[in-house]
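File shown: target-v9.txt. Contents: compact mmCIF, C-alpha atoms.
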# COMPACT_ATOMS: atom_id res chain seq x y z
CA MET A 26 -2.76 -6.49 39.76
CA VAL A 27 0.08 -8.84 38.84
CA GLU A 28 2.69 -7.62 36.35
CA GLU A 29 1.72 -10.09 33.62
CA ILE A 30 -1.90 -8.90 33.66
CA LYS A 31 -0.80 -5.26 33.52
CA ILE A 32 1.24 -6.05 30.42
CA THR A 33 -1.62 -7.95 28.80
CA ARG A 34 -4.20 -5.30 29.68
CA ALA A 35 -1.98 -2.54 28.26
CA ILE A 36 -1.66 -4.36 24.91
CA VAL A 37 -5.34 -5.31 24.64
CA GLU A 38 -6.69 -1.90 25.64
CA SER A 39 -4.35 0.10 23.40
CA TYR A 40 -4.87 -2.20 20.39
CA PHE A 41 -8.64 -2.10 20.63
CA GLU A 42 -8.53 1.70 20.75
CA ARG A 43 -6.61 1.53 17.46
CA LEU A 44 -9.04 -0.98 16.00
CA LYS A 45 -12.04 1.20 16.91
CA ARG A 46 -10.39 4.16 15.16
CA CYS A 47 -10.08 2.03 12.00
CA LEU A 48 -13.71 0.94 11.77
CA ASP A 49 -14.98 4.01 9.91
CA VAL A 50 -12.31 6.00 8.08
CA ASP A 51 -11.81 8.18 5.02
CA ILE A 52 -9.38 5.84 3.27
CA VAL A 53 -8.41 2.19 3.51
CA ILE A 54 -5.10 1.32 1.86
CA VAL A 55 -4.59 -2.41 1.38
CA GLY A 56 -0.93 -3.35 1.12
CA GLY A 57 2.07 -1.92 2.95
CA GLY A 58 4.61 -2.04 0.12
CA PRO A 59 6.34 0.97 -1.47
CA SER A 60 3.30 2.37 -3.28
CA GLY A 61 0.92 1.79 -0.38
CA LEU A 62 3.26 3.39 2.14
CA THR A 63 3.91 6.37 -0.14
CA CYS A 64 0.19 6.81 -0.72
CA ALA A 65 -0.47 6.68 3.03
CA HIS A 66 2.24 9.25 3.72
CA TYR A 67 0.73 11.81 1.36
CA LEU A 68 -2.80 11.18 2.64
CA SER A 69 -1.96 11.40 6.33
CA ASP A 70 -4.06 14.56 6.77
CA PHE A 71 -7.10 12.27 6.42
CA ASP A 72 -8.23 9.32 8.54
CA VAL A 73 -6.29 6.44 6.99
CA CYS A 74 -6.17 2.77 7.88
CA LEU A 75 -3.41 0.78 6.21
CA ILE A 76 -3.93 -3.00 6.13
CA GLU A 77 -1.05 -5.44 5.61
CA LYS A 78 -1.53 -9.21 5.45
CA ASN A 79 2.01 -9.97 6.62
CA LEU A 80 3.57 -9.14 9.98
CA SER A 81 6.14 -6.85 8.38
CA LEU A 82 5.60 -3.96 5.97
CA GLY A 83 7.79 -2.94 3.05
CA GLY A 84 6.65 -5.37 0.36
CA GLY A 85 9.33 -6.20 -2.18
CA ILE A 86 11.76 -3.51 -1.11
CA TRP A 87 13.69 -5.58 1.42
CA GLY A 88 15.11 -8.11 -1.03
CA GLY A 89 16.44 -5.53 -3.50
CA GLY A 90 17.41 -7.32 -6.70
CA MET A 91 17.98 -11.05 -6.15
CA PHE A 92 18.82 -10.46 -2.45
CA PHE A 93 21.28 -7.68 -3.30
CA ASN A 94 19.82 -5.08 -0.95
CA LYS A 95 20.17 -2.13 -3.29
CA ILE A 96 17.45 -0.70 -5.53
CA VAL A 97 17.33 1.90 -8.29
CA VAL A 98 15.18 5.00 -8.74
CA GLN A 99 15.03 7.69 -11.39
CA LYS A 100 16.01 11.33 -11.01
CA GLU A 101 12.39 12.52 -10.90
CA VAL A 102 11.83 10.49 -7.71
CA LEU A 103 14.46 12.32 -5.66
CA PRO A 104 11.98 14.83 -4.12
CA ILE A 105 10.00 11.89 -2.71
CA LEU A 106 13.14 10.35 -1.24
CA GLU A 107 13.94 13.70 0.34
CA ASP A 108 10.44 13.84 1.85
CA PHE A 109 11.27 10.58 3.61
CA ASP A 110 14.87 11.63 4.40
CA VAL A 111 16.30 8.70 2.40
CA ARG A 112 19.86 8.94 1.12
CA TYR A 113 20.79 8.12 -2.49
CA GLU A 114 23.88 7.81 -4.68
CA ARG A 115 24.11 8.97 -8.28
CA TYR A 116 24.78 6.17 -10.78
CA ASP A 117 24.36 8.05 -14.07
CA ASP A 118 22.43 11.05 -15.37
CA ASN A 119 19.04 9.49 -14.64
CA HIS A 120 19.55 6.61 -12.21
CA TYR A 121 20.26 6.66 -8.48
CA VAL A 122 20.99 3.79 -6.11
CA VAL A 123 19.22 3.54 -2.77
CA ASP A 124 19.81 1.19 0.15
CA ALA A 125 16.78 -1.11 0.26
CA ILE A 126 16.86 -1.44 4.04
CA GLU A 127 16.99 2.31 4.56
CA LEU A 128 14.15 2.95 2.12
CA ALA A 129 11.84 0.31 3.61
CA SER A 130 12.51 1.32 7.20
CA SER A 131 12.21 5.05 6.43
CA LEU A 132 8.84 4.62 4.72
CA ILE A 133 7.55 2.47 7.56
CA ARG A 134 8.81 4.80 10.28
CA SER A 135 7.24 7.85 8.68
CA VAL A 136 3.88 6.25 7.97
CA SER A 137 3.58 4.44 11.32
CA ARG A 138 3.65 7.82 13.07
CA LYS A 139 0.87 9.28 10.93
CA VAL A 140 -1.74 6.61 10.12
CA GLU A 141 -3.30 3.58 11.77
CA ILE A 142 -1.75 0.28 10.67
CA LEU A 143 -3.30 -3.17 11.03
CA ASN A 144 -0.74 -5.84 10.18
CA GLY A 145 -1.48 -9.55 10.11
CA VAL A 146 -4.87 -8.68 8.59
CA CYS A 147 -6.11 -9.72 5.15
CA VAL A 148 -9.00 -8.63 2.91
CA GLU A 149 -11.59 -11.29 2.04
CA ASP A 150 -14.21 -9.17 0.29
CA VAL A 151 -15.39 -5.64 -0.44
CA VAL A 152 -18.47 -3.67 0.56
CA VAL A 153 -20.23 -2.33 -2.57
CA LYS A 154 -22.93 0.33 -2.22
CA ASP A 155 -22.84 2.80 -5.12
CA GLY A 156 -19.17 1.90 -5.48
CA VAL A 157 -16.73 0.34 -3.06
CA ARG A 158 -17.45 1.52 0.49
CA GLY A 159 -15.15 -0.60 2.59
CA VAL A 160 -13.40 -3.92 3.00
CA VAL A 161 -14.20 -7.21 4.70
CA VAL A 162 -11.27 -8.31 6.85
CA ASN A 163 -10.00 -11.24 8.85
CA TRP A 164 -6.83 -12.28 10.62
CA SER A 165 -4.25 -13.59 8.15
CA ALA A 166 -3.60 -16.51 10.50
CA ALA A 167 -7.24 -17.61 10.27
CA ASN A 168 -7.08 -17.42 6.50
CA LEU A 169 -3.84 -19.43 6.33
CA SER A 170 -5.12 -22.07 8.76
CA GLY A 171 -8.18 -22.79 6.66
CA LEU A 172 -10.45 -22.32 9.68
CA HIS A 173 -13.90 -20.88 9.02
CA VAL A 174 -13.98 -17.63 11.00
CA ASP A 175 -16.48 -14.97 10.06
CA PRO A 176 -14.87 -11.66 9.11
CA LEU A 177 -15.55 -8.06 10.15
CA VAL A 178 -15.98 -4.86 8.12
CA ILE A 179 -14.06 -1.61 7.87
CA SER A 180 -16.04 1.23 6.29
CA SER A 181 -14.38 3.91 4.17
CA LYS A 182 -15.05 6.53 1.53
CA VAL A 183 -12.41 5.09 -0.80
CA VAL A 184 -10.23 1.97 -0.96
CA VAL A 185 -6.75 1.73 -2.46
CA ASP A 186 -5.44 -1.58 -3.80
CA ALA A 187 -1.68 -1.54 -3.19
CA THR A 188 -1.33 -5.31 -2.94
CA GLY A 189 1.31 -5.61 -5.66
CA HIS A 190 1.39 -8.47 -8.15
CA ASP A 191 -1.68 -10.12 -6.60
CA ALA A 192 -4.02 -7.11 -7.02
CA VAL A 193 -6.20 -8.75 -4.36
CA VAL A 194 -8.88 -6.08 -3.94
CA CYS A 195 -9.25 -5.52 -7.67
CA LYS A 196 -9.57 -9.26 -8.33
CA ILE A 197 -12.29 -9.58 -5.69
CA THR A 198 -14.16 -6.55 -7.01
CA SER A 199 -13.81 -7.67 -10.62
CA LYS A 200 -15.16 -11.14 -9.82
CA LYS A 201 -18.08 -9.86 -7.74
CA THR A 202 -19.19 -7.02 -10.04
CA ASN A 203 -18.14 -8.16 -13.54
CA MET A 204 -17.51 -4.50 -14.34
CA PHE A 205 -13.81 -4.67 -15.27
CA GLU A 206 -11.10 -7.23 -15.98
CA VAL A 207 -7.86 -7.98 -14.15
CA ARG A 208 -5.57 -9.07 -16.98
CA GLY A 209 -2.42 -10.09 -15.10
CA GLU A 210 1.01 -8.50 -15.47
CA GLY A 211 3.10 -8.99 -18.57
CA TYR A 212 6.74 -9.57 -19.48
CA MET A 213 9.73 -7.53 -18.28
CA HIS A 214 10.18 -4.14 -19.91
CA ALA A 215 11.46 -1.78 -17.24
CA GLU A 216 11.31 1.51 -19.14
CA LEU A 217 7.80 0.96 -20.48
CA ALA A 218 6.52 -0.46 -17.19
CA GLU A 219 7.77 2.49 -15.16
CA LYS A 220 5.98 4.89 -17.51
CA LEU A 221 2.70 3.02 -17.88
CA VAL A 222 2.25 2.08 -14.22
CA VAL A 223 2.26 5.75 -13.26
CA GLU A 224 0.05 6.76 -16.19
CA LYS A 225 -2.59 4.11 -15.39
CA SER A 226 -2.63 4.63 -11.62
CA GLY A 227 -6.02 5.84 -10.50
CA GLU A 228 -9.66 4.82 -10.13
CA VAL A 229 -10.66 1.47 -11.68
CA TYR A 230 -14.16 1.22 -10.22
CA PRO A 231 -16.16 3.80 -8.25
CA ASN A 232 -14.21 4.58 -5.05
CA LEU A 233 -11.62 1.86 -5.77
CA PHE A 234 -8.16 3.07 -6.70
CA VAL A 235 -5.14 1.04 -7.77
CA THR A 236 -1.46 1.85 -7.30
CA GLY A 237 1.95 0.24 -7.77
CA MET A 238 2.38 -3.24 -9.21
CA ALA A 239 -1.35 -3.87 -8.83
CA VAL A 240 -1.75 -1.42 -11.73
CA ALA A 241 0.35 -3.69 -13.94
CA SER A 242 -1.77 -6.69 -12.94
CA VAL A 243 -5.07 -4.92 -13.64
CA TYR A 244 -4.08 -3.56 -17.05
CA GLY A 245 -1.74 -6.31 -18.25
CA LEU A 246 1.30 -4.02 -18.20
CA PRO A 247 4.93 -5.13 -18.27
CA ARG A 248 6.87 -5.60 -15.03
CA MET A 249 9.98 -3.63 -14.18
CA GLY A 250 12.05 -5.48 -11.59
CA PRO A 251 14.09 -3.73 -8.88
CA ILE A 252 13.61 -0.15 -10.08
CA PHE A 253 11.15 1.46 -7.67
CA GLY A 254 10.62 4.97 -8.99
CA GLY A 255 7.30 4.06 -10.58
CA MET A 256 6.06 2.56 -7.32
CA LEU A 257 6.73 5.74 -5.37
CA LEU A 258 5.40 8.06 -8.10
CA SER A 259 2.29 5.90 -8.46
CA GLY A 260 1.57 6.06 -4.73
CA LYS A 261 1.94 9.83 -4.68
CA LYS A 262 -0.23 10.28 -7.77
CA VAL A 263 -3.09 8.25 -6.32
CA ALA A 264 -2.80 10.14 -3.03
CA GLU A 265 -3.14 13.45 -4.87
CA ILE A 266 -6.20 12.24 -6.83
CA ILE A 267 -7.90 11.01 -3.64
CA ALA A 268 -7.04 14.15 -1.69
CA ASP A 269 -8.61 16.32 -4.42
CA ARG A 270 -11.70 14.08 -4.43
CA LEU A 271 -12.21 14.19 -0.66
CA ARG A 272 -11.60 17.90 -0.39
CA SER A 273 -14.02 18.82 -3.19
Since I need it in another form, could you write the structure as structure tokens?
Amino acid sequence: MVEEIKITRAIVESYFERLKRCLDVDIVIVGGGPSGLTCAHYLSDFDVCLIEKNLSLGGGIWGGGMFFNKIVVQKEVLPILEDFDVRYERYDDNHYVVDAIELASSLIRSVSRKVEILNGVCVEDVVVKDGVRGVVVNWSAANLSGLHVDPLVISSKVVVDATGHDAVVCKITSKKTNMFEVRGEGYMHAELAEKLVVEKSGEVYPNLFVTGMAVASVYGLPRMGPIFGGMLLSGKKVAEIIADRLRS
């Protein structure tokens, strides 16, 4: 066998083994930003497939605030940072500064070792049978090209919408079921947003959970800018709710 075919065969065979493991799982998490990655980390004892439409994970972490690659978290988030071995610097009694590159790469490194990740894959629809029971997926490149390519299905017990401002899965489910409304995020109010996003994180439709900025979009909450404590706390909260559900 020539070297080029060995290389190709190795990639194809190993990827399709991953894809087969993702076809019927406990949890699908859509969106590989801060809340989705945190949620995946704390659910890694289950069979988890994390789907990200872009090639790279990390969501809005990388850019920090206006390309200044530093972000802020609150004191109550420090145990989560320590779980991911992320360094932080004290700014005042309640605020700590974190390197955006270190946070994004640390979340990705941890999660990529524990759950199955499909990047370059987008969600086109949801499977609804007594609640959401999976997602309908396609290659992001096919979606962007405008080509008509029929999608495939990933089955799961629960789905988590961690798609940020777009709240993609919730918008699809809202439109198809008419059972709840996606209101769109509101104005900037960092303190209120950080509080309400965590409070409202949870189940929005049977077996469909929402975390991170998607929470703000669903409930019409304020946005918070480059403070990421609420994103991490939201992801952990949803993970704990789902873990209790699946273990009961």
Contact table stretch 100-199 of chain A vs stretch 34-48 of chain A, cut-off 12 Å, shortest pair per residue, all atoms listed in the file, as a Markdown table:
| residue | atom | partner | partner_atom | distance |
| --- | --- | --- | --- | --- |
| A:Val140 | CA | A:Cys47 | CA | 9.7 |
| A:Glu141 | CA | A:Arg43 | CA | 6.9 |
| A:Ile142 | CA | A:Arg43 | CA | 8.4 |
| A:Leu143 | CA | A:Leu44 | CA | 7.9 |
| A:Asn144 | CA | A:Leu44 | CA | 11.2 |
| A:Val146 | CA | A:Leu44 | CA | 11.5 |
| A:Arg158 | CA | A:Leu48 | CA | 11.9 |
| A:Gly159 | CA | A:Leu48 | CA | 9.4 |
| A:Val160 | CA | A:Leu48 | CA | 10.0 |
| A:Val161 | CA | A:Leu48 | CA | 10.8 |
| A:Val162 | CA | A:Leu48 | CA | 10.8 |
| A:Leu177 | CA | A:Leu48 | CA | 9.3 |
| A:Val178 | CA | A:Leu48 | CA | 7.2 |
| A:Ile179 | CA | A:Leu48 | CA | 4.7 |
| A:Ser180 | CA | A:Leu48 | CA | 6.0 |
| A:Ser181 | CA | A:Leu48 | CA | 8.2 |
| A:Lys182 | CA | A:Leu48 | CA | 11.7 |
Selection near A:Val97, 7 Å with only C-alpha atoms, sequence-local residues under 3 positions removed, as a ChimeraX atom specification: /A:120-123,251-253
Best match for closeness to A:Arg134 among A:Pro247, A:Gly83, A:Gly171, A:Gly211, counting all atoms listed in the file: A:Gly83
Residue with smallest distance to A:Met249 - pool A:Glu216, A:Asp186, A:Asp175, A:Glu101, counting all atoms listed in the file: A:Glu216
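Residue nearest A:Val73 within the list A:Gly156, A:Pro176, A:Gly61, A:Gly209: A:Gly61 [criterion: smallest interatomic distance, all atoms listed in the file].
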Best match for closeness to A:Ile266 among A:Leu68, A:Leu80, A:Ile197, A:Ala239, counting only C-alpha atoms: A:Leu68
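You can rank A:Ile267, A:Ile105, A:Ala215, A:Ile76 by their closest distance to A:Gly227 using all atoms listed in the file, and at the top of that list sits A:Ile267.
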Test item: residues at most 12 Å from A:Glu224, all atoms listed in the file, excluding those fewer than 6 positions along its chain, as a count of residues only: 16
Atom CA of A:Asn203 to atom CA of A:Val243, straight-line distance in Å: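 Separation between atom CA of A:Val243 and atom CA of A:Asn203: 13.5 Å.
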Nearest-residue call for A:Val185, choices A:Ser226, A:Ser137, A:Asn119, A:Asn79, using all atoms listed in the file: A:Ser226
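For the pair atom CA of A:Asp49 and atom CA of A:Cys195, the separation is 20.8 Å.
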Distance in Å - atom CA of A:Asn163 versus atom CA of A:Val136: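 Taking atom CA of A:Asn163 and atom CA of A:Val136, their separation equals 22.3 Å.
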Long-range neighbours of A:Phe92 as an MDAnalysis selection string, 12 Å cut-off, all atoms listed in the file, 4 positions minimum in chain: chainID A and resid 85:88 96 124:126 251
